[in-house]
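**Q** See my_file.csv below, with CSV, C-alpha atoms.
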```
chain,number,residue,atom,x,y,z
A,147,MET,CA,0.0,0.0,0.0
A,148,ASN,CA,1.8,3.1,-1.2
A,149,TRP,CA,0.0,6.2,0.1
A,150,SER,CA,3.1,8.3,0.6
A,151,CYS,CA,2.5,10.0,-2.7
A,152,HIS,CA,4.3,13.1,-3.7
A,153,TYR,CA,2.5,16.4,-4.0
A,154,GLY,CA,0.5,16.6,-7.2
A,155,LYS,CA,-0.3,12.9,-7.5
A,156,SER,CA,-3.8,11.7,-6.7
A,157,MET,CA,-4.2,9.0,-4.2
A,158,LEU,CA,-4.9,6.3,-6.8
A,159,HIS,CA,-3.3,3.5,-4.8
A,160,CYS,CA,-5.4,4.1,-1.7
A,161,ASP,CA,-8.3,1.7,-1.6
A,162,ASN,CA,-9.2,2.5,1.9
A,163,SER,CA,-11.3,5.6,2.8
A,164,LYS,CA,-9.2,6.2,6.0
A,165,LEU,CA,-6.0,6.2,4.1
A,166,ARG,CA,-7.5,8.4,1.4
A,167,LYS,CA,-8.5,10.9,4.1
A,168,ARG,CA,-4.9,10.8,5.5
A,169,GLY,CA,-3.6,11.3,2.0
A,170,ASN,CA,-5.9,14.2,1.3
A,171,PHE,CA,-4.9,15.8,4.6
A,172,ARG,CA,-1.2,15.4,3.6
A,173,VAL,CA,-1.9,16.9,0.2
A,174,MET,CA,-3.7,19.8,1.9
A,175,ILE,CA,-0.7,20.4,4.2
A,176,ASN,CA,1.6,20.3,1.2
A,177,ASN,CA,-0.6,22.8,-0.5
A,178,ILE,CA,-0.3,25.2,2.5
A,179,PHE,CA,3.5,24.6,2.6
A,180,MET,CA,3.7,25.4,-1.1
A,181,ILE,CA,1.8,28.6,-0.7
A,182,PHE,CA,4.3,29.6,2.1
A,183,ILE,CA,7.2,28.8,-0.2
A,184,VAL,CA,5.7,31.0,-3.0
A,185,ILE,CA,5.2,33.9,-0.6
A,186,ALA,CA,8.8,33.5,0.8
A,187,LEU,CA,10.2,33.5,-2.7
A,188,ALA,CA,8.2,36.5,-3.7
A,189,LEU,CA,9.5,38.3,-0.6
A,190,ILE,CA,13.1,37.4,-1.5
A,191,TRP,CA,12.4,38.8,-5.0
A,192,ALA,CA,11.1,42.1,-3.6
A,193,VAL,CA,13.9,42.4,-1.1
A,194,LEU,CA,16.6,41.9,-3.8
A,195,ARG,CA,14.9,44.4,-6.1
A,196,VAL,CA,14.4,46.9,-3.2
A,197,ASP,CA,10.9,47.4,-4.5
A,198,PHE,CA,7.9,46.5,-2.3
A,199,SER,CA,5.3,47.9,-4.7
A,200,LEU,CA,2.2,45.9,-5.5
A,201,MET,CA,3.4,45.3,-9.0
A,202,SER,CA,6.8,44.0,-7.9
A,203,LEU,CA,5.2,41.7,-5.3
A,204,ALA,CA,2.7,40.4,-7.9
A,205,THR,CA,5.5,39.7,-10.4
A,206,GLY,CA,7.4,37.9,-7.7
A,207,LEU,CA,4.4,35.8,-6.8
A,208,VAL,CA,3.8,34.8,-10.5
A,209,ILE,CA,7.4,33.9,-11.1
A,210,SER,CA,7.7,32.0,-7.8
A,211,ALA,CA,4.5,30.1,-8.5
A,212,GLY,CA,5.7,29.3,-12.0
A,213,CYS,CA,9.1,28.1,-10.8
A,214,LEU,CA,7.5,26.0,-8.0
A,215,TYR,CA,5.0,24.5,-10.5
A,216,TYR,CA,7.9,23.4,-12.7
A,217,ALA,CA,9.9,22.0,-9.8
A,218,ARG,CA,7.1,20.5,-7.8
A,219,LYS,CA,7.8,16.9,-8.6
A,220,TYR,CA,11.4,17.3,-7.3
A,221,LEU,CA,10.3,18.6,-3.9
A,222,PRO,CA,10.1,15.8,-1.3
A,223,LEU,CA,7.7,17.7,0.8
A,224,ASN,CA,6.2,14.7,2.6
A,225,LYS,CA,9.5,13.3,3.8
A,226,ILE,CA,10.8,16.0,6.1
A,227,THR,CA,9.4,14.5,9.3
A,228,ASP,CA,12.3,12.3,10.4
A,229,ILE,CA,14.7,15.1,11.2
A,230,ASN,CA,15.1,17.1,14.4
A,231,PHE,CA,16.0,20.5,12.9
A,232,PHE,CA,16.9,22.0,16.3
A,233,ARG,CA,20.0,19.7,16.4
A,234,LEU,CA,21.1,21.2,13.1
A,235,VAL,CA,21.4,24.8,14.4
A,236,THR,CA,25.2,24.7,14.7
A,237,TYR,CA,25.7,22.7,11.5
A,238,PRO,CA,25.9,25.6,9.0
A,239,PHE,CA,28.8,27.2,11.1
A,240,TYR,CA,30.7,23.9,11.2
A,241,LEU,CA,30.1,23.5,7.4
A,242,ILE,CA,31.4,27.0,6.6
A,243,GLY,CA,34.6,26.1,8.7
A,244,GLN,CA,35.0,22.9,6.7
A,245,VAL,CA,34.5,24.8,3.4
A,246,TYR,CA,37.4,27.1,4.3
A,247,LEU,CA,39.6,24.2,5.5
A,248,SER,CA,39.0,22.3,2.3
A,249,GLY,CA,39.6,25.5,0.3
A,250,PHE,CA,43.2,25.6,1.5
A,251,TYR,CA,43.6,21.9,0.7
A,252,VAL,CA,42.4,22.6,-2.9
A,253,ILE,CA,44.8,25.5,-3.3
A,254,LYS,CA,47.7,23.1,-2.2
A,255,ILE,CA,46.5,20.7,-4.9
A,256,ILE,CA,46.2,23.3,-7.6
A,257,LEU,CA,49.8,24.4,-6.9
A,258,SER,CA,51.1,20.8,-7.1
A,259,ASN,CA,49.5,18.2,-9.4
A,260,ALA,CA,46.0,16.8,-9.3
A,261,ARG,CA,44.2,13.6,-10.1
A,262,VAL,CA,40.5,12.8,-9.9
A,263,ASP,CA,39.0,9.5,-8.6
A,264,VAL,CA,35.5,8.2,-8.3
A,265,VAL,CA,35.1,7.2,-4.7
A,266,LYS,CA,32.2,5.3,-3.1
A,267,VAL,CA,31.4,6.3,0.4
A,268,ASP,CA,29.1,4.4,2.7
A,269,THR,CA,26.8,6.4,5.0
A,270,GLU,CA,25.0,5.5,8.2
A,271,LEU,CA,22.3,8.0,7.6
A,272,LYS,CA,18.9,6.4,7.1
A,273,SER,CA,16.9,9.5,6.3
A,274,GLU,CA,16.7,10.5,2.7
A,275,THR,CA,16.7,14.2,3.5
A,276,LEU,CA,19.8,13.9,5.7
A,277,ARG,CA,21.5,12.0,2.9
A,278,ILE,CA,20.7,14.9,0.6
A,279,ILE,CA,22.1,17.4,3.1
A,280,LEU,CA,25.3,15.3,3.5
A,281,ALA,CA,25.7,15.0,-0.3
A,282,ASP,CA,25.1,18.8,-0.7
A,283,SER,CA,27.6,19.6,2.1
A,284,ILE,CA,30.2,17.3,0.5
A,285,THR,CA,29.7,19.1,-2.8
A,286,LEU,CA,29.9,22.5,-1.1
A,287,THR,CA,33.3,21.6,0.5
A,288,PRO,CA,36.0,22.1,-2.1
A,289,GLY,CA,37.7,19.1,-3.6
A,290,SER,CA,34.7,16.7,-3.9
A,291,ILE,CA,31.4,16.6,-5.9
A,292,PHE,CA,28.6,14.3,-5.3
A,293,LEU,CA,27.6,12.4,-8.4
A,294,ASP,CA,25.0,9.7,-7.6
A,295,MET,CA,23.6,7.4,-4.9
A,296,GLU,CA,24.1,3.7,-5.5
A,297,ASP,CA,22.8,1.0,-3.1
A,298,GLY,CA,22.9,3.5,-0.2
A,299,GLU,CA,26.5,4.6,-1.0
A,300,LEU,CA,27.4,8.1,-2.1
A,301,VAL,CA,29.4,8.1,-5.4
A,302,LEU,CA,31.7,11.1,-5.4
A,303,ILE,CA,34.5,12.5,-7.5
A,304,TRP,CA,37.4,13.5,-5.4
A,305,LEU,CA,40.3,15.8,-6.3
A,306,ARG,CA,43.6,14.7,-4.7
A,307,ASN,CA,47.3,14.9,-5.0
A,308,ALA,CA,48.5,13.0,-8.1
A,309,ASP,CA,51.7,11.9,-6.4
A,310,ASP,CA,49.7,9.6,-4.1
A,311,ALA,CA,48.9,6.7,-6.3
A,312,GLU,CA,46.6,4.8,-4.0
A,313,ILE,CA,43.3,6.0,-2.7
A,314,PRO,CA,43.6,6.1,1.1
A,315,ALA,CA,41.6,3.5,3.1
A,316,ASN,CA,40.0,6.3,5.1
A,317,ALA,CA,38.9,8.2,2.1
A,318,GLY,CA,35.3,8.1,3.2
A,319,ALA,CA,36.1,9.5,6.7
A,320,LEU,CA,38.2,12.2,5.1
A,321,LEU,CA,35.4,13.3,2.7
A,322,LYS,CA,32.6,13.1,5.3
A,323,SER,CA,34.9,14.6,8.0
A,324,GLY,CA,32.6,15.5,11.0
A,325,LEU,CA,29.6,16.3,8.8
A,326,GLU,CA,27.9,12.8,9.0
A,327,LYS,CA,28.5,12.6,12.8
A,328,ARG,CA,26.6,15.9,13.2
A,329,LEU,CA,23.8,14.9,10.9
A,330,LEU,CA,23.4,11.6,12.7
A,331,LYS,CA,22.5,13.6,15.9
A,332,ALA,CA,19.6,15.1,14.0
A,333,GLN,CA,18.3,11.8,12.8
A,334,LYS,CA,15.2,10.6,14.7
A,335,ARG,CA,15.2,7.1,16.0
A,336,GLY,CA,12.7,4.5,14.6
B,59,MET,CA,36.7,52.1,14.5
B,60,GLN,CA,35.4,52.9,11.1
B,61,THR,CA,38.9,52.8,9.6
B,62,ALA,CA,39.7,49.5,11.3
B,63,LEU,CA,36.5,48.0,9.9
B,64,LYS,CA,37.4,49.2,6.4
B,65,VAL,CA,40.9,47.6,6.7
B,66,ILE,CA,39.4,44.3,7.9
B,67,SER,CA,36.8,44.4,5.1
B,68,ASN,CA,39.4,45.1,2.4
B,69,THR,CA,41.7,42.4,3.7
B,70,VAL,CA,38.8,39.8,3.6
B,71,ILE,CA,37.8,41.0,0.1
B,72,ILE,CA,41.4,40.6,-1.1
B,73,ALA,CA,41.6,37.1,0.4
B,74,GLY,CA,38.4,36.2,-1.5
B,75,LEU,CA,39.9,37.6,-4.7
B,76,ILE,CA,43.1,35.6,-4.1
B,77,TYR,CA,41.1,32.4,-3.8
B,78,MET,CA,39.2,33.2,-7.0
B,79,PHE,CA,42.7,33.7,-8.7
B,80,PHE,CA,43.7,30.2,-7.7
B,81,GLY,CA,40.4,28.9,-9.2
B,82,VAL,CA,41.3,30.6,-12.5
B,83,VAL,CA,44.9,29.1,-12.3
B,84,GLY,CA,43.3,25.7,-11.7
B,85,MET,CA,41.1,26.1,-14.8
B,86,TYR,CA,44.1,26.9,-17.0
B,87,LYS,CA,46.4,24.4,-15.5
B,88,PHE,CA,44.3,21.3,-15.7
B,89,LYS,CA,43.3,20.1,-19.1
B,90,ASN,CA,40.6,17.6,-18.1
B,91,PHE,CA,36.9,18.5,-17.4
B,92,TYR,CA,36.7,17.0,-13.9
B,93,PRO,CA,39.6,18.8,-12.2
B,94,ARG,CA,38.5,22.0,-13.9
B,95,ILE,CA,34.9,21.8,-12.5
B,96,LEU,CA,36.3,20.8,-9.1
B,97,THR,CA,38.6,23.8,-8.8
B,98,THR,CA,36.4,26.5,-10.5
B,99,SER,CA,33.1,25.7,-8.8
B,100,LYS,CA,34.9,26.0,-5.5
B,101,ALA,CA,36.5,29.3,-6.5
B,102,ASP,CA,33.0,30.5,-7.0
B,103,THR,CA,31.8,29.3,-3.6
B,104,VAL,CA,34.6,30.2,-1.3
B,105,GLY,CA,35.8,33.2,-3.2
B,106,ALA,CA,32.4,34.8,-3.6
B,107,LEU,CA,31.5,33.9,0.0
B,108,THR,CA,34.7,35.6,1.3
B,109,VAL,CA,34.2,38.7,-0.9
B,110,MET,CA,30.6,39.1,0.3
B,111,ILE,CA,31.5,38.6,3.9
B,112,GLY,CA,34.1,41.4,3.4
B,113,ILE,CA,31.4,43.6,1.9
B,114,ILE,CA,29.1,42.9,5.0
B,115,ILE,CA,32.0,43.8,7.4
B,116,GLY,CA,32.6,47.0,5.5
B,117,HIS,CA,28.9,48.1,5.5
B,118,GLY,CA,28.0,47.0,9.0
B,119,ILE,CA,24.5,46.1,10.0
B,120,SER,CA,22.2,47.6,7.3
B,121,TYR,CA,19.5,46.7,4.9
B,122,PHE,CA,22.2,46.4,2.2
B,123,SER,CA,24.1,43.9,4.3
B,124,GLY,CA,20.9,41.9,4.8
B,125,ARG,CA,20.5,41.7,1.0
B,126,VAL,CA,24.1,40.5,0.6
B,127,LEU,CA,23.5,37.9,3.3
B,128,LEU,CA,20.5,36.7,1.4
B,129,ILE,CA,22.6,36.3,-1.7
B,130,ILE,CA,25.2,34.3,0.3
B,131,ILE,CA,22.4,31.9,1.4
B,132,ILE,CA,21.3,31.6,-2.2
B,133,ILE,CA,24.8,30.9,-3.4
B,134,VAL,CA,25.4,28.3,-0.6
B,135,ILE,CA,22.2,26.4,-1.6
B,136,LEU,CA,22.5,26.7,-5.4
B,137,ASN,CA,26.2,26.4,-6.1
B,138,PRO,CA,26.7,22.8,-5.0
B,139,LEU,CA,23.5,21.9,-6.9
B,140,MET,CA,24.8,23.3,-10.1
B,141,ALA,CA,28.2,21.7,-9.7
B,142,HIS,CA,26.5,18.3,-8.9
B,143,ILE,CA,24.2,18.6,-12.0
B,144,ILE,CA,27.0,19.5,-14.4
B,145,ALA,CA,29.4,16.8,-13.0
B,146,ARG,CA,26.6,14.1,-13.0
B,147,ALA,CA,25.6,14.9,-16.6
B,148,ALA,CA,29.2,14.6,-17.7
B,149,HIS,CA,29.6,11.3,-15.7
B,150,LEU,CA,26.4,9.8,-17.1
B,151,GLY,CA,27.2,11.0,-20.6
B,152,GLY,CA,30.4,8.8,-20.4
B,153,HIS,CA,32.9,11.6,-20.0
B,154,LYS,CA,36.1,9.8,-19.1
B,155,ILE,CA,38.4,10.7,-16.2
B,156,VAL,CA,41.9,11.2,-17.5
B,157,ASN,CA,44.5,11.2,-14.8
B,158,PRO,CA,48.2,12.0,-15.1
B,159,GLU,CA,50.8,9.3,-14.3
B,160,PRO,CA,51.9,9.4,-10.6
B,161,LYS,CA,55.0,11.3,-9.8
B,162,SER,CA,54.8,13.4,-12.9
B,163,ARG,CA,54.5,17.1,-12.7
B,164,ASP,CA,53.0,19.4,-15.3
B,165,LYS,CA,54.5,22.8,-15.8
B,166,LEU,CA,52.1,25.7,-15.2
```
Let me see the structure of the file written as structure tokens.
**A**
Amino acid sequence: MNWSCHYGKSMLHCDNSKLRKRGNFRVMINNIFMIFIVIALALIWAVLRVDFSLMSLATGLVISAGCLYYARKYLPLNKITDINFFRLVTYPFYLIGQVYLSGFYVIKIILSNARVDVVKVDTELKSETLRIILADSITLTPGSIFLDMEDGELVLIWLRNADDAEIPANAGALLKSGLEKRLLKAQKRG
Amino acid sequence: MQTALKVISNTVIIAGLIYMFFGVVGMYKFKNFYPRILTTSKADTVGALTVMIGIIIGHGISYFSGRVLLIIIIIVILNPLMAHIIARAAHLGGHKIVNPEPKSRDKL
């Protein structure tokens, strides 16, 4: 029974009225959430244009709604329930620190000689959203880009010194650094 | 106080520009696609972040700084996404990784 449908899909698979009601409630919540996103994006539009006139806000609303309509099937709106976001408050600051540390590492490689390897990194994170945050963070830190997810493993390309022929055994730990440990704290049990 | 802030702001901006410079060096030095995207996309992220932090320090707490902070947040969210999409498209499209032989050094 698959009733965890994404926004925009009807509850075709729900043959039970109770489940259909729960599904409808979820779609309604997603609709409200989408409206909030449209308003927030329109406000960002107005702030960046320094123009809060009715025309500017209306343009922002139309563009935001259009963008969100186009991107709606990529938004996993009904999956962000398994994360404790309060435990991620310090995460952005740690991430910025890591970004700068990796920045120096990349400068060192640019000045020497570089090779690129495809590395598969296992992760203990069960939540899809946290995995996306980890993949995004790894891509944000210089020297590595997330490519794909294969059997629960992150496939990354990694820039490293060409003089080191072998990929180190602790490549995964190096790439994830403390990011995964911090994200694990935000993962809800169960 | 104002002068000190200006000096700190300019120093941070110059640090960001130096980082961008290394990104450009990486783009010209490496001949393959993957090292290029790995170095240049990071020059965007770290360099632009540092320059914008310098601008915020220079302007202090103001509406203008708030807008710059908003742009920083947008860059932090969108930059890795763009790098991921371009690299993934190349990888799925069969673009091969060409690595130099170990212990060899290219001249800049």
**Q** Return the single residue from B:Ile95, B:Gly84, B:Asn68, B:Tyr77 that is closest to Ile143 (chain B), with distances computed using all atoms listed in the file.
**A**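 Smallest distance to Ile143 (chain B) is found for B:Ile95.
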**Q** So which one's closest to Asn307 (chain A), B:Ser120, B:Pro93, B:Thr69, B:Thr61? Using all atoms listed in the file, please.
**A**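 Between B:Ser120, B:Pro93, B:Thr69, B:Thr61, the residue approaching Asn307 (chain A) most closely is B:Pro93.
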**Q** Which neighbours of Gly81 (chain B) fall inside 10 Å, counting all atoms listed in the file, when residues of the same chain fewer than 2 positions from it are skipped, and could you give them as a short mmCIF file (atom, residue, chain, number, x, y, z; two decimals) with C-alpha atoms, keeping the file's coordinate frame?
**A**
```
data_model
loop_
_atom_site.label_atom_id
_atom_site.label_comp_id
_atom_site.auth_asym_id
_atom_site.auth_seq_id
_atom_site.Cartn_x
_atom_site.Cartn_y
_atom_site.Cartn_z
CA VAL A 252 42.40 22.60 -2.90
CA ILE A 253 44.80 25.50 -3.30
CA ILE A 256 46.20 23.30 -7.60
CA LEU B 75 39.90 37.60 -4.70
CA ILE B 76 43.10 35.60 -4.10
CA TYR B 77 41.10 32.40 -3.80
CA MET B 78 39.20 33.20 -7.00
CA PHE B 79 42.70 33.70 -8.70
CA VAL B 83 44.90 29.10 -12.30
CA GLY B 84 43.30 25.70 -11.70
CA MET B 85 41.10 26.10 -14.80
CA TYR B 86 44.10 26.90 -17.00
CA LYS B 87 46.40 24.40 -15.50
CA ARG B 94 38.50 22.00 -13.90
CA ILE B 95 34.90 21.80 -12.50
CA LEU B 96 36.30 20.80 -9.10
CA THR B 97 38.60 23.80 -8.80
CA THR B 98 36.40 26.50 -10.50
CA SER B 99 33.10 25.70 -8.80
CA LYS B 100 34.90 26.00 -5.50
CA ALA B 101 36.50 29.30 -6.50
CA ASP B 102 33.00 30.50 -7.00
CA VAL B 104 34.60 30.20 -1.30
CA GLY B 105 35.80 33.20 -3.20
#
```
**Q** Got a sec to pull out which chain B residues are within 10 Å of chain A, counting all atoms listed in the file, and send them as a PDB file with C-alpha atoms, in the frame of the given file?
**A**
```pdb
ATOM      1  CA  TYR B  77      41.100  32.400  -3.800  1.00  0.00           C
ATOM      2  CA  PHE B  80      43.700  30.200  -7.700  1.00  0.00           C
ATOM      3  CA  GLY B  81      40.400  28.900  -9.200  1.00  0.00           C
ATOM      4  CA  VAL B  83      44.900  29.100 -12.300  1.00  0.00           C
ATOM      5  CA  GLY B  84      43.300  25.700 -11.700  1.00  0.00           C
ATOM      6  CA  MET B  85      41.100  26.100 -14.800  1.00  0.00           C
ATOM      7  CA  LYS B  87      46.400  24.400 -15.500  1.00  0.00           C
ATOM      8  CA  PHE B  88      44.300  21.300 -15.700  1.00  0.00           C
ATOM      9  CA  ASN B  90      40.600  17.600 -18.100  1.00  0.00           C
ATOM     10  CA  TYR B  92      36.700  17.000 -13.900  1.00  0.00           C
ATOM     11  CA  PRO B  93      39.600  18.800 -12.200  1.00  0.00           C
ATOM     12  CA  ARG B  94      38.500  22.000 -13.900  1.00  0.00           C
ATOM     13  CA  ILE B  95      34.900  21.800 -12.500  1.00  0.00           C
ATOM     14  CA  LEU B  96      36.300  20.800  -9.100  1.00  0.00           C
ATOM     15  CA  THR B  97      38.600  23.800  -8.800  1.00  0.00           C
ATOM     16  CA  THR B  98      36.400  26.500 -10.500  1.00  0.00           C
ATOM     17  CA  SER B  99      33.100  25.700  -8.800  1.00  0.00           C
ATOM     18  CA  LYS B 100      34.900  26.000  -5.500  1.00  0.00           C
ATOM     19  CA  ALA B 101      36.500  29.300  -6.500  1.00  0.00           C
ATOM     20  CA  THR B 103      31.800  29.300  -3.600  1.00  0.00           C
ATOM     21  CA  VAL B 104      34.600  30.200  -1.300  1.00  0.00           C
ATOM     22  CA  GLY B 105      35.800  33.200  -3.200  1.00  0.00           C
ATOM     23  CA  LEU B 107      31.500  33.900   0.000  1.00  0.00           C
ATOM     24  CA  THR B 108      34.700  35.600   1.300  1.00  0.00           C
ATOM     25  CA  TYR B 121      19.500  46.700   4.900  1.00  0.00           C
ATOM     26  CA  PHE B 122      22.200  46.400   2.200  1.00  0.00           C
ATOM     27  CA  GLY B 124      20.900  41.900   4.800  1.00  0.00           C
ATOM     28  CA  ARG B 125      20.500  41.700   1.000  1.00  0.00           C
ATOM     29  CA  VAL B 126      24.100  40.500   0.600  1.00  0.00           C
ATOM     30  CA  LEU B 128      20.500  36.700   1.400  1.00  0.00           C
ATOM     31  CA  ILE B 129      22.600  36.300  -1.700  1.00  0.00           C
ATOM     32  CA  VAL B 134      25.400  28.300  -0.600  1.00  0.00           C
ATOM     33  CA  ILE B 135      22.200  26.400  -1.600  1.00  0.00           C
ATOM     34  CA  LEU B 136      22.500  26.700  -5.400  1.00  0.00           C
ATOM     35  CA  ASN B 137      26.200  26.400  -6.100  1.00  0.00           C
ATOM     36  CA  PRO B 138      26.700  22.800  -5.000  1.00  0.00           C
ATOM     37  CA  LEU B 139      23.500  21.900  -6.900  1.00  0.00           C
ATOM     38  CA  MET B 140      24.800  23.300 -10.100  1.00  0.00           C
ATOM     39  CA  ALA B 141      28.200  21.700  -9.700  1.00  0.00           C
ATOM     40  CA  HIS B 142      26.500  18.300  -8.900  1.00  0.00           C
ATOM     41  CA  ILE B 143      24.200  18.600 -12.000  1.00  0.00           C
ATOM     42  CA  ILE B 144      27.000  19.500 -14.400  1.00  0.00           C
ATOM     43  CA  ALA B 145      29.400  16.800 -13.000  1.00  0.00           C
ATOM     44  CA  ARG B 146      26.600  14.100 -13.000  1.00  0.00           C
ATOM     45  CA  ALA B 147      25.600  14.900 -16.600  1.00  0.00           C
ATOM     46  CA  ALA B 148      29.200  14.600 -17.700  1.00  0.00           C
ATOM     47  CA  HIS B 149      29.600  11.300 -15.700  1.00  0.00           C
ATOM     48  CA  LEU B 150      26.400   9.800 -17.100  1.00  0.00           C
ATOM     49  CA  ILE B 155      38.400  10.700 -16.200  1.00  0.00           C
ATOM     50  CA  VAL B 156      41.900  11.200 -17.500  1.00  0.00           C
ATOM     51  CA  ASN B 157      44.500  11.200 -14.800  1.00  0.00           C
ATOM     52  CA  PRO B 158      48.200  12.000 -15.100  1.00  0.00           C
ATOM     53  CA  GLU B 159      50.800   9.300 -14.300  1.00  0.00           C
ATOM     54  CA  PRO B 160      51.900   9.400 -10.600  1.00  0.00           C
ATOM     55  CA  LYS B 161      55.000  11.300  -9.800  1.00  0.00           C
ATOM     56  CA  SER B 162      54.800  13.400 -12.900  1.00  0.00           C
ATOM     57  CA  ARG B 163      54.500  17.100 -12.700  1.00  0.00           C
ATOM     58  CA  ASP B 164      53.000  19.400 -15.300  1.00  0.00           C
ATOM     59  CA  LYS B 165      54.500  22.800 -15.800  1.00  0.00           C
ATOM     60  CA  LEU B 166      52.100  25.700 -15.200  1.00  0.00           C
TER      61      LEU B 166
END
```
**Q** Using Å and a single decimal, report how far CA of Gly112 (chain B) sits from CA of Val65 (chain B).
**A**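 Those two atoms sit 9.8 Å apart.
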**Q** Please compute the CA of Phe231 (chain A)-CA of Lys266 (chain A) distance, one decimal, in Å.
**A**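 So the answer is 27.4 Å.
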**Q** Figure out the distance between CA of Leu325 (chain A) and CA of Lys272 (chain A), please, to one decimal in Å.
**A** 14.7 Å
**Q** Name the residues within 9 Å of (24.7, 6.7, 5.3), counting all atoms listed in the file in the file's coordinates, and put them as number ranges by chain.
**A** A: 267-273, 276-277, 280, 298-300, 326, 330
**Q** Those same residues, written as an mmCIF file, keeping the file's coordinate frame with C-alpha atoms?
**A**
```cif
data_model
loop_
_atom_site.group_PDB
_atom_site.id
_atom_site.type_symbol
_atom_site.label_atom_id
_atom_site.label_comp_id
_atom_site.auth_asym_id
_atom_site.auth_seq_id
_atom_site.Cartn_x
_atom_site.Cartn_y
_atom_site.Cartn_z
ATOM 1 C CA VAL A 267 31.400 6.300 0.400
ATOM 2 C CA ASP A 268 29.100 4.400 2.700
ATOM 3 C CA THR A 269 26.800 6.400 5.000
ATOM 4 C CA GLU A 270 25.000 5.500 8.200
ATOM 5 C CA LEU A 271 22.300 8.000 7.600
ATOM 6 C CA LYS A 272 18.900 6.400 7.100
ATOM 7 C CA SER A 273 16.900 9.500 6.300
ATOM 8 C CA LEU A 276 19.800 13.900 5.700
ATOM 9 C CA ARG A 277 21.500 12.000 2.900
ATOM 10 C CA LEU A 280 25.300 15.300 3.500
ATOM 11 C CA GLY A 298 22.900 3.500 -0.200
ATOM 12 C CA GLU A 299 26.500 4.600 -1.000
ATOM 13 C CA LEU A 300 27.400 8.100 -2.100
ATOM 14 C CA GLU A 326 27.900 12.800 9.000
ATOM 15 C CA LEU A 330 23.400 11.600 12.700
#
```
**Q** If we count all atoms listed in the file, what is near Met180 (chain A) at a cut-off of 9 Å, once residues fewer than 5 positions away on the same chain are taken out, given as a list in words?
**A**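 Counting all atoms listed in the file, the residues come to Ile175, Ile185, Ala211, Leu214, Arg218 and Leu223 of chain A.
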**Q** From the options A:Leu200, A:Leu207, A:Leu221, A:Val301, which residue's atoms come nearest to Ile181 (chain A), counting only C-alpha atoms?
**A**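 Counting only C-alpha atoms, the residue closest to Ile181 (chain A) is A:Leu207.
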**Q** Which one of B:Leu127, B:Ile132, B:Ile115, B:Gly151 sits closest to Met59 (chain B) if you count all atoms listed in the file?
**A**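 Among the listed residues, the smallest separation from Met59 (chain B) belongs to B:Ile115.
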**Q** Set the distance at 8 Å and use all atoms listed in the file: which residues neighbour Ile114 (chain B) once local chain neighbours fewer than 2 positions away are removed? I'd like the list as a list of chain:residue names.
**A**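 Close residues of Ile114 (chain B): B:Ser67, B:Met110, B:Ile111, B:Gly112, B:Gly116, B:His117, B:Gly118, B:Ile119, B:Ser123, B:Val126, B:Leu127.
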**Q** I want to know what sits within 12 Å of Val235 (chain A), based on all atoms listed in the file, with residues of the same chain fewer than 5 positions away left out; could you give that as a PDB file with C-alpha atoms, keeping the file's coordinate frame?
**A**
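Now in out-v6.pdb:
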```pdb
ATOM      1  CA  ASN A 230      15.100  17.100  14.400  1.00  0.00           C
ATOM      2  CA  TYR A 240      30.700  23.900  11.200  1.00  0.00           C
ATOM      3  CA  LEU A 241      30.100  23.500   7.400  1.00  0.00           C
ATOM      4  CA  ARG A 328      26.600  15.900  13.200  1.00  0.00           C
ATOM      5  CA  LEU A 329      23.800  14.900  10.900  1.00  0.00           C
ATOM      6  CA  LYS A 331      22.500  13.600  15.900  1.00  0.00           C
ATOM      7  CA  ALA A 332      19.600  15.100  14.000  1.00  0.00           C
TER       8      ALA A 332
END
```
